[in-house]
Amino acid sequence: MRMKNAILIAATTAFTLGLAAPAVMAQQPGPQQKPVAAVGCQQGQKQPCAKQVAAKPAPQTAQKAPRIGDSARKAPPLQQAKNSRLPAPPKNQHYRVLDDRVVRVDDKTMKVVAVIGMVKDILK
């Protein structure tokens, strides 16, 4: 029983003092750790690489803006109010909301003919 308690106390002390933390951190990189990439290293090199640089995080991708010619089949139609600032669309075209932007769409092809602007700016 004493041996069991001694092992339990030693393990608890080691964990509390942070002696076990490096092993845990090596398995799972935390938010403060950055991946390290070797720079200028060659395969077959006998010595470890001298230069190591922190890898840059991938840039956050901005929401893709619709372009003329994109399909708007899945975009919901825009319900225009009677007092809307948007002019009536030309014949055989209508407005839709695609990726938080108001676009004008051809009725037959359902392709974007014009990108009008952001919904939040137009429908204030």
# chains A, B, ... in the order shown; residues from 1 in each chain; ligands from 1

$ residues_around --residues "stretch 83-98 of chain A" --least-positions-apart "2" --cutoff "9 Å" --atoms "only C-alpha atoms" --output "ChimeraX atom specification"
/A:65-66,72,74-81,100-108,110,113,119,122-123

$ atom_distance --atom1 "atom CA of A:Lys111" --atom2 "atom CA of A:Lys64"
16.3 Å
